[in-house]
Amino acid sequence: MKIGNSQLIKNIDNYCINDLDIPSTVLMENAALKVVKNINFEKFNSFTIICGTGNNGGDALAVARQLFSMNMKVDIFIIGEHSMSKDCLINYNILKNMGVPIKQIVKTQDIQLLNDILNKNDMIIDGIFGSGLARNIDGIYKEVIKSINKSGMYILSIDVPSGMLCDSFGILGSCVKANKTVSFEVYKKGFLDYESDKYTGEIVVESIGIPEYVVNKFHLKEYLVQKKEIKSIIKKREKYSYKGDFGRVSVIAGSKKYTGAAYLTSQGAVRSGAGLVTLCTEKSVVEILQSKTIETMIMSYENNDFKELILNSDSIAIGPGMGNNENTFNIIKDILSKDGCPLVLDADALNVLQHNLDLLKNSKRKIVITPHIGEMGRLTGIDSKNIIKNRIDIARDFSKKYGIIVLLKGYNTIITNGEEVYINSTGNSKMASGGMGDILTGIIASFIGQGYEPLKATILSAFIHGYVGDILSKDMFCVNASHIVERLPYIIENLTY
Ligand SMILES: NC(=O)C1=CN([C@@H]2O[C@H](COP(=O)(O)OP(=O)(O)OC[C@H]3O[C@@H](n4cnc5c(N)ncnc54)[C@H](O)[C@@H]3O)[C@@H](O)[C@H]2O)[C@H](O)CC1
Ligand SMILES: [K+]
């Protein structure tokens, strides 16, 4: 699903109205009809419709007219005494001509009018502010929003919950806490925050009749990845395939101190369907790891066969638990400087590269890096606070500069190839525990090995990893890495239908 900000909306609107001659009231009417489409009339038959004086209020007035025409009970309130936008006024006048009463709330005393009605109707429709919210909410607006939130009634917000910014997450003074938000054309950037769903409730994005090519003209190629997109990427398995069809995946990971990281990375690959997984690790831990796993072949990277294994791999995951040391650096340098299959670099593979980024840039291989915020900070020299604030732009710029795919972990993990940006919608805080990232690295290498193009493999892996965690967390206080490993193949299978 496309993500966008208020500038995008402005550009699209201007183009439709000025270049295509679509009357703006047509767009408003389409928006209103899509709101109506999202109302469950088996449950809701009477409505308190609360409008601002901009186009969000205009949408709400058009919704009111549609509902009135369907013989529903409507109580309409306009907040404030600013002059109305052109299209808001058009819709206001139609309702007036139809004889539908509209009350105005200007002073604190008027709020009682609203409070008397709020609990009498089934639903509140919030059309106070949309993408035009420009300053802190105070005065009568703040009081009205307080009343709405206190009412305990079902609330549907038009486009954005009034009070929430569109361009980045933020609440300007106060904000409606909706049960459902029906937003138009694009998923607003402001919704991309772990706190935003407290205000948006369920989000539905509806098209309001703007041709796709117009949206594409201005869209910055930022997408939210949801189940629908994943289902179109993931391929069902042919019944009669050979294990060679699913790739030879090598995992270079682990050291004396970190055998778990090696184990989990290789299990991420095994349990997501890689044909043949070989784990290459430090000599001293080969035996320990051999006793832990039966599906994975294990060898030391000091072994003579190591070079050949690298040559014959379909993908290689490198880094988890290797240690930030010269030995790790030498292995990675050697692999980066030779052409061959795609690589997934994580953890210590990234730590040893922080002062050697040219190795990344000059490598002929396709590369995916999977840093968390701290690792990204070390790679870019930017402090964590700034990375969190500008993570989309920082990830995209780094990806472009080094010609690699970046998966930046965090709430709403970001995946980018420097042109397109994909934001993952799965995963939750119950998964915040050791080893989670190692599994993800293994899954990405596994899907690349199975023949998925690296960007698609990375998008797919991030979604699946978080999705398994989301399903498990419904019944679990915390979700650990081994739980994810256990459930992976079952849940991937479900996604293929
Ligand atoms: N293409 C589309 O998606 C379409 C969207 N539509 C709807 O239009 C709104 C955006 O309308 P706009 O008139 O630009 O802005 P708002 O209605 O959100 O509000 C503007 C109005 O409010 C004043 N204002 C801003 N902040 C404050 C504040 N804190 N306190 C008081 N007043 C404030 C501002 O000065 C303006 O007067 C979009 O969300 C959709 O709902 C179109 O209907 C169809 C096309
Ligand atoms: K709104």
# chains A, B, ... in the order shown; residues from 1 in each chain; ligands from 1
>>> select_by_dssp(residues="stretch 139-256 of chain A", states="alpha helix (DSSP H)", output="ChimeraX atom specification")
/A:139-150,197-200,212-218,227-233
>>> write_last_selection(atoms="C-alpha atoms", output="PDB file, in the first residue's frame")
ATOM      1  CA  GLY A 139      -9.885  26.636  22.736  1.00  0.00           C
ATOM      2  CA  ILE A 140     -13.223  25.284  21.604  1.00  0.00           C
ATOM      3  CA  TYR A 141     -11.623  22.624  19.364  1.00  0.00           C
ATOM      4  CA  LYS A 142      -9.786  21.138  22.312  1.00  0.00           C
ATOM      5  CA  GLU A 143     -12.949  21.088  24.407  1.00  0.00           C
ATOM      6  CA  VAL A 144     -14.953  19.400  21.658  1.00  0.00           C
ATOM      7  CA  ILE A 145     -12.288  16.709  21.179  1.00  0.00           C
ATOM      8  CA  LYS A 146     -12.283  16.111  24.927  1.00  0.00           C
ATOM      9  CA  SER A 147     -16.064  15.614  24.871  1.00  0.00           C
ATOM     10  CA  ILE A 148     -15.835  13.233  21.920  1.00  0.00           C
ATOM     11  CA  ASN A 149     -13.191  11.107  23.609  1.00  0.00           C
ATOM     12  CA  LYS A 150     -15.036  11.088  26.916  1.00  0.00           C
ATOM     13  CA  ASP A 197      -3.132   3.128  16.516  1.00  0.00           C
ATOM     14  CA  LYS A 198      -4.310   4.430  19.894  1.00  0.00           C
ATOM     15  CA  TYR A 199      -5.789   7.287  17.878  1.00  0.00           C
ATOM     16  CA  THR A 200      -6.541   5.836  14.458  1.00  0.00           C
ATOM     17  CA  GLU A 212      -3.370   5.667 -10.398  1.00  0.00           C
ATOM     18  CA  TYR A 213      -0.994   7.340 -12.827  1.00  0.00           C
ATOM     19  CA  VAL A 214      -1.699  10.672 -11.144  1.00  0.00           C
ATOM     20  CA  VAL A 215      -0.799   9.274  -7.730  1.00  0.00           C
ATOM     21  CA  ASN A 216       2.335   7.655  -9.209  1.00  0.00           C
ATOM     22  CA  LYS A 217       3.382  10.982 -10.708  1.00  0.00           C
ATOM     23  CA  PHE A 218       3.960  12.450  -7.262  1.00  0.00           C
ATOM     24  CA  LYS A 227      -0.427  -9.466   4.006  1.00  0.00           C
ATOM     25  CA  LYS A 228      -1.939  -8.696   0.606  1.00  0.00           C
ATOM     26  CA  GLU A 229       1.447  -7.711  -0.858  1.00  0.00           C
ATOM     27  CA  ILE A 230       3.159 -10.740   0.699  1.00  0.00           C
ATOM     28  CA  LYS A 231       0.626 -13.124  -0.775  1.00  0.00           C
ATOM     29  CA  SER A 232       1.461 -11.778  -4.197  1.00  0.00           C
ATOM     30  CA  ILE A 233       5.200 -12.359  -3.666  1.00  0.00           C
TER      31      ILE A 233
END
>>> residues_near_ligand(ligand="ligand 1", cutoff="8 Å", atoms="only C-alpha atoms and all ligand atoms", output="PyMOL selection string")
chain A and resi 9-10+12-13+24-32+52-59+80+82-85+87+127-138+141+158-160+162-163+172+183-185+208+210
>>> write_last_selection(atoms="N, CA and C atoms", output="short mmCIF file (atom, residue, chain, number, x, y, z; two decimals), in the first residue's frame")
data_model
loop_
_atom_site.label_atom_id
_atom_site.label_comp_id
_atom_site.auth_asym_id
_atom_site.auth_seq_id
_atom_site.Cartn_x
_atom_site.Cartn_y
_atom_site.Cartn_z
N ILE A 9 -0.75 14.75 -1.14
CA ILE A 9 -2.20 14.96 -1.29
C ILE A 9 -2.47 16.28 -2.02
N LYS A 10 -1.72 17.31 -1.62
CA LYS A 10 -1.91 18.63 -2.27
C LYS A 10 -1.59 18.54 -3.75
N ILE A 12 -1.59 15.94 -5.73
CA ILE A 12 -2.57 15.13 -6.45
C ILE A 12 -3.84 15.94 -6.69
N ASP A 13 -4.29 16.59 -5.61
CA ASP A 13 -5.51 17.40 -5.71
C ASP A 13 -5.38 18.47 -6.79
N SER A 24 -13.51 19.71 -7.70
CA SER A 24 -13.09 19.24 -6.38
C SER A 24 -14.25 18.65 -5.59
N THR A 25 -15.49 19.11 -5.92
CA THR A 25 -16.64 18.54 -5.21
C THR A 25 -16.89 17.08 -5.60
N VAL A 26 -16.40 16.71 -6.79
CA VAL A 26 -16.53 15.29 -7.19
C VAL A 26 -15.65 14.43 -6.28
N LEU A 27 -14.41 14.92 -6.05
CA LEU A 27 -13.51 14.17 -5.17
C LEU A 27 -14.10 14.10 -3.76
N MET A 28 -14.69 15.21 -3.34
CA MET A 28 -15.28 15.24 -1.99
C MET A 28 -16.44 14.26 -1.89
N GLU A 29 -17.24 14.21 -2.94
CA GLU A 29 -18.39 13.30 -2.93
C GLU A 29 -17.91 11.84 -2.91
N ASN A 30 -16.88 11.57 -3.73
CA ASN A 30 -16.32 10.21 -3.72
C ASN A 30 -15.82 9.84 -2.33
N ALA A 31 -15.14 10.81 -1.69
CA ALA A 31 -14.61 10.57 -0.35
C ALA A 31 -15.77 10.25 0.60
N ALA A 32 -16.84 11.04 0.50
CA ALA A 32 -17.99 10.83 1.40
C ALA A 32 -18.60 9.45 1.18
N GLY A 52 -15.32 20.49 10.93
CA GLY A 52 -14.56 21.73 10.93
C GLY A 52 -15.02 22.57 9.75
N THR A 53 -14.27 23.61 9.44
CA THR A 53 -14.70 24.49 8.35
C THR A 53 -13.85 24.34 7.09
N GLY A 54 -12.89 23.39 7.11
CA GLY A 54 -12.07 23.12 5.92
C GLY A 54 -12.70 21.99 5.10
N ASN A 55 -11.91 21.38 4.24
CA ASN A 55 -12.46 20.33 3.37
C ASN A 55 -12.74 19.03 4.12
N ASN A 56 -12.06 18.81 5.25
CA ASN A 56 -12.40 17.64 6.05
C ASN A 56 -13.83 17.81 6.57
N GLY A 57 -14.15 19.01 6.97
CA GLY A 57 -15.53 19.31 7.38
C GLY A 57 -16.48 19.18 6.21
N GLY A 58 -16.02 19.58 5.01
CA GLY A 58 -16.84 19.44 3.80
C GLY A 58 -17.16 17.97 3.54
N ASP A 59 -16.14 17.12 3.69
CA ASP A 59 -16.38 15.67 3.54
C ASP A 59 -17.47 15.22 4.50
N GLY A 80 -16.43 26.14 15.57
CA GLY A 80 -15.69 27.38 15.30
C GLY A 80 -16.48 28.31 14.40
N HIS A 82 -14.70 30.17 11.86
CA HIS A 82 -13.89 30.54 10.69
C HIS A 82 -14.76 30.45 9.45
N SER A 83 -14.40 31.22 8.41
CA SER A 83 -15.17 31.08 7.18
C SER A 83 -14.87 29.72 6.56
N MET A 84 -15.87 29.18 5.91
CA MET A 84 -15.73 27.81 5.37
C MET A 84 -14.95 27.81 4.07
N SER A 85 -14.27 26.69 3.80
CA SER A 85 -13.63 26.52 2.49
C SER A 85 -14.75 26.44 1.44
N ASP A 87 -15.64 24.29 -0.87
CA ASP A 87 -16.43 23.06 -1.01
C ASP A 87 -17.19 22.71 0.27
N GLY A 127 -15.08 14.91 11.53
CA GLY A 127 -14.57 15.63 10.35
C GLY A 127 -14.10 17.02 10.74
N ILE A 128 -13.38 17.10 11.85
CA ILE A 128 -12.95 18.44 12.31
C ILE A 128 -11.72 18.90 11.53
N PHE A 129 -10.66 18.11 11.61
CA PHE A 129 -9.45 18.44 10.84
C PHE A 129 -8.97 17.20 10.09
N GLY A 130 -8.41 17.42 8.92
CA GLY A 130 -7.80 16.33 8.17
C GLY A 130 -6.36 16.69 7.89
N SER A 131 -5.96 16.59 6.63
CA SER A 131 -4.55 16.82 6.30
C SER A 131 -4.17 18.30 6.38
N GLY A 132 -5.14 19.16 6.64
CA GLY A 132 -4.83 20.59 6.72
C GLY A 132 -4.51 21.09 8.12
N LEU A 133 -4.46 20.18 9.09
CA LEU A 133 -4.13 20.61 10.46
C LEU A 133 -2.78 21.32 10.45
N ALA A 134 -2.79 22.56 10.97
CA ALA A 134 -1.59 23.36 10.77
C ALA A 134 -1.00 23.91 12.06
N ARG A 135 -1.73 23.86 13.13
CA ARG A 135 -1.20 24.44 14.37
C ARG A 135 -1.80 23.73 15.56
N ASN A 136 -1.31 24.10 16.73
CA ASN A 136 -1.75 23.46 17.95
C ASN A 136 -3.26 23.63 18.16
N ILE A 137 -3.89 22.58 18.64
CA ILE A 137 -5.33 22.66 18.87
C ILE A 137 -5.59 23.23 20.26
N ASP A 138 -6.39 24.26 20.33
CA ASP A 138 -6.75 24.78 21.66
C ASP A 138 -8.18 25.32 21.63
N TYR A 141 -11.96 23.89 20.04
CA TYR A 141 -11.62 22.62 19.36
C TYR A 141 -11.15 21.58 20.38
N ILE A 158 -12.67 10.82 9.68
CA ILE A 158 -12.53 10.97 8.23
C ILE A 158 -11.09 11.37 7.90
N ASP A 159 -10.44 10.58 7.11
CA ASP A 159 -9.07 10.77 6.61
C ASP A 159 -7.98 10.62 7.68
N VAL A 160 -8.09 11.38 8.77
CA VAL A 160 -7.10 11.34 9.85
C VAL A 160 -7.87 11.61 11.14
N SER A 162 -8.80 13.73 14.00
CA SER A 162 -8.55 15.17 14.12
C SER A 162 -7.56 15.44 15.25
N GLY A 163 -6.45 16.08 14.88
CA GLY A 163 -5.40 16.37 15.86
C GLY A 163 -4.10 15.66 15.53
N LEU A 172 -1.12 17.31 17.80
CA LEU A 172 -1.00 18.76 18.04
C LEU A 172 -1.96 19.21 19.13
N SER A 183 -9.24 6.60 5.52
CA SER A 183 -8.30 7.56 4.96
C SER A 183 -8.33 7.46 3.43
N PHE A 184 -7.89 8.52 2.77
CA PHE A 184 -8.06 8.57 1.31
C PHE A 184 -6.75 8.43 0.55
N GLU A 185 -6.81 7.58 -0.45
CA GLU A 185 -5.75 7.39 -1.47
C GLU A 185 -4.45 6.78 -0.95
N ILE A 208 -10.42 7.52 -3.99
CA ILE A 208 -11.57 8.42 -4.19
C ILE A 208 -11.66 8.84 -5.66
N ILE A 210 -9.14 8.93 -7.99
CA ILE A 210 -7.97 9.58 -8.60
C ILE A 210 -7.23 8.52 -9.42
#
>>> atom_distance(atom1="atom CA of A:Met164", atom2="atom CA of A:Leu89")
24.0 Å
>>> residues_around(residues="A:Ile155", least_positions_apart="4", cutoff="10 Å", atoms="only C-alpha atoms", output="short mmCIF file (atom, residue, chain, number, x, y, z; two decimals) with N, CA and C atoms, in the first residue's frame")
data_model
loop_
_atom_site.label_atom_id
_atom_site.label_comp_id
_atom_site.auth_asym_id
_atom_site.auth_seq_id
_atom_site.Cartn_x
_atom_site.Cartn_y
_atom_site.Cartn_z
N PHE A 47 -26.37 9.18 13.88
CA PHE A 47 -25.00 9.72 13.78
C PHE A 47 -24.88 11.13 14.30
N THR A 48 -23.82 11.38 15.07
CA THR A 48 -23.45 12.74 15.43
C THR A 48 -22.27 13.11 14.53
N ILE A 49 -22.46 14.10 13.70
CA ILE A 49 -21.44 14.43 12.70
C ILE A 49 -20.80 15.76 13.07
N ASP A 122 -25.76 6.48 17.72
CA ASP A 122 -24.93 5.27 17.74
C ASP A 122 -23.46 5.54 17.45
N MET A 123 -23.21 6.56 16.63
CA MET A 123 -21.83 6.75 16.16
C MET A 123 -21.48 8.23 16.04
N ILE A 124 -20.19 8.53 16.30
CA ILE A 124 -19.71 9.90 16.07
C ILE A 124 -18.87 9.88 14.79
N ILE A 125 -19.11 10.83 13.90
CA ILE A 125 -18.25 10.96 12.72
C ILE A 125 -17.42 12.22 12.88
N ASP A 126 -16.09 12.02 12.85
CA ASP A 126 -15.17 13.12 13.13
C ASP A 126 -14.62 13.70 11.84
N ILE A 148 -15.72 14.40 22.82
CA ILE A 148 -15.84 13.23 21.92
C ILE A 148 -15.17 12.02 22.57
N ASN A 149 -13.94 12.23 23.05
CA ASN A 149 -13.19 11.11 23.61
C ASN A 149 -13.80 10.59 24.91
N SER A 151 -16.95 10.49 25.55
CA SER A 151 -18.30 9.95 25.35
C SER A 151 -18.35 8.42 25.41
N PRO A 161 -7.52 11.00 12.26
CA PRO A 161 -8.17 11.43 13.50
C PRO A 161 -7.82 12.90 13.74
N VAL A 176 -8.54 13.18 18.52
CA VAL A 176 -9.65 12.24 18.61
C VAL A 176 -9.11 10.81 18.67
N LYS A 177 -9.70 10.00 19.54
CA LYS A 177 -9.31 8.58 19.60
C LYS A 177 -10.38 7.76 18.89
N ALA A 178 -10.12 7.48 17.63
CA ALA A 178 -11.14 6.84 16.79
C ALA A 178 -11.11 5.32 16.94
N ASN A 179 -12.25 4.70 16.60
CA ASN A 179 -12.28 3.24 16.48
C ASN A 179 -11.87 2.83 15.08
N LYS A 180 -12.18 3.72 14.13
CA LYS A 180 -11.84 3.41 12.74
C LYS A 180 -11.50 4.71 12.02
N THR A 181 -10.48 4.67 11.17
CA THR A 181 -10.17 5.84 10.36
C THR A 181 -10.29 5.44 8.90
N THR A 200 -5.89 6.14 15.75
CA THR A 200 -6.54 5.84 14.46
C THR A 200 -7.54 4.70 14.57
N GLY A 201 -7.34 3.78 15.52
CA GLY A 201 -8.11 2.54 15.50
C GLY A 201 -7.78 1.80 14.21
#
>>> closest_residue(among="A:Cys88, A:Leu165, A:Ile22, A:Leu440", to="ligand 2", atoms="only C-alpha atoms and all ligand atoms")
A:Leu165
>>> decode(residues="stretch 53-73 of chain A", atoms="N, CA, C and O atoms", output="tab-separated table (two decimals), in the first residue's frame")
chain	number	residue	atom	x	y	z
A	53	THR	N	-14.27	23.61	9.44
A	53	THR	CA	-14.70	24.49	8.35
A	53	THR	C	-13.85	24.34	7.09
A	53	THR	O	-14.02	25.05	6.11
A	54	GLY	N	-12.89	23.39	7.11
A	54	GLY	CA	-12.07	23.12	5.92
A	54	GLY	C	-12.70	21.99	5.10
A	54	GLY	O	-13.89	21.68	5.27
A	55	ASN	N	-11.91	21.38	4.24
A	55	ASN	CA	-12.46	20.33	3.37
A	55	ASN	C	-12.74	19.03	4.12
A	55	ASN	O	-13.57	18.24	3.69
A	56	ASN	N	-12.06	18.81	5.25
A	56	ASN	CA	-12.40	17.64	6.05
A	56	ASN	C	-13.83	17.81	6.57
A	56	ASN	O	-14.62	16.86	6.54
A	57	GLY	N	-14.15	19.01	6.97
A	57	GLY	CA	-15.53	19.31	7.38
A	57	GLY	C	-16.48	19.18	6.21
A	57	GLY	O	-17.61	18.69	6.36
A	58	GLY	N	-16.02	19.58	5.01
A	58	GLY	CA	-16.84	19.44	3.80
A	58	GLY	C	-17.16	17.97	3.54
A	58	GLY	O	-18.31	17.62	3.23
A	59	ASP	N	-16.14	17.12	3.69
A	59	ASP	CA	-16.38	15.67	3.54
A	59	ASP	C	-17.47	15.22	4.50
A	59	ASP	O	-18.38	14.46	4.14
A	60	ALA	N	-17.35	15.68	5.74
A	60	ALA	CA	-18.30	15.24	6.79
A	60	ALA	C	-19.72	15.72	6.46
A	60	ALA	O	-20.68	14.98	6.67
A	61	LEU	N	-19.84	16.92	5.91
A	61	LEU	CA	-21.18	17.41	5.54
A	61	LEU	C	-21.76	16.60	4.39
A	61	LEU	O	-22.97	16.32	4.35
A	62	ALA	N	-20.90	16.22	3.45
A	62	ALA	CA	-21.37	15.37	2.35
A	62	ALA	C	-21.79	13.99	2.87
A	62	ALA	O	-22.78	13.42	2.41
A	63	VAL	N	-21.05	13.48	3.86
A	63	VAL	CA	-21.44	12.21	4.49
A	63	VAL	C	-22.81	12.39	5.15
A	63	VAL	O	-23.71	11.53	5.00
A	64	ALA	N	-22.98	13.51	5.84
A	64	ALA	CA	-24.25	13.77	6.53
A	64	ALA	C	-25.41	13.74	5.54
A	64	ALA	O	-26.46	13.15	5.78
A	65	ARG	N	-25.21	14.37	4.37
A	65	ARG	CA	-26.27	14.40	3.36
A	65	ARG	C	-26.60	12.99	2.86
A	65	ARG	O	-27.76	12.61	2.72
A	66	GLN	N	-25.53	12.21	2.60
A	66	GLN	CA	-25.76	10.84	2.14
A	66	GLN	C	-26.54	10.04	3.18
A	66	GLN	O	-27.48	9.32	2.84
A	67	LEU	N	-26.17	10.19	4.44
A	67	LEU	CA	-26.85	9.43	5.50
A	67	LEU	C	-28.30	9.90	5.65
A	67	LEU	O	-29.21	9.08	5.81
A	68	PHE	N	-28.49	11.22	5.57
A	68	PHE	CA	-29.84	11.77	5.67
A	68	PHE	C	-30.71	11.20	4.54
A	68	PHE	O	-31.86	10.82	4.76
A	69	SER	N	-30.12	11.14	3.34
A	69	SER	CA	-30.87	10.60	2.19
A	69	SER	C	-31.20	9.13	2.36
A	69	SER	O	-32.08	8.60	1.69
A	70	MET	N	-30.46	8.47	3.20
A	70	MET	CA	-30.74	7.05	3.47
A	70	MET	C	-31.72	6.91	4.64
A	70	MET	O	-31.87	5.81	5.19
A	71	ASN	N	-32.32	8.04	5.04
A	71	ASN	CA	-33.26	8.07	6.17
A	71	ASN	C	-32.63	7.71	7.52
A	71	ASN	O	-33.31	7.19	8.41
A	72	MET	N	-31.36	7.97	7.66
A	72	MET	CA	-30.70	7.78	8.95
A	72	MET	C	-30.89	9.05	9.77
A	72	MET	O	-31.05	10.15	9.21
A	73	LYS	N	-30.81	8.92	11.09
A	73	LYS	CA	-30.89	10.11	11.95
A	73	LYS	C	-29.52	10.79	11.99
A	73	LYS	O	-28.51	10.11	12.25
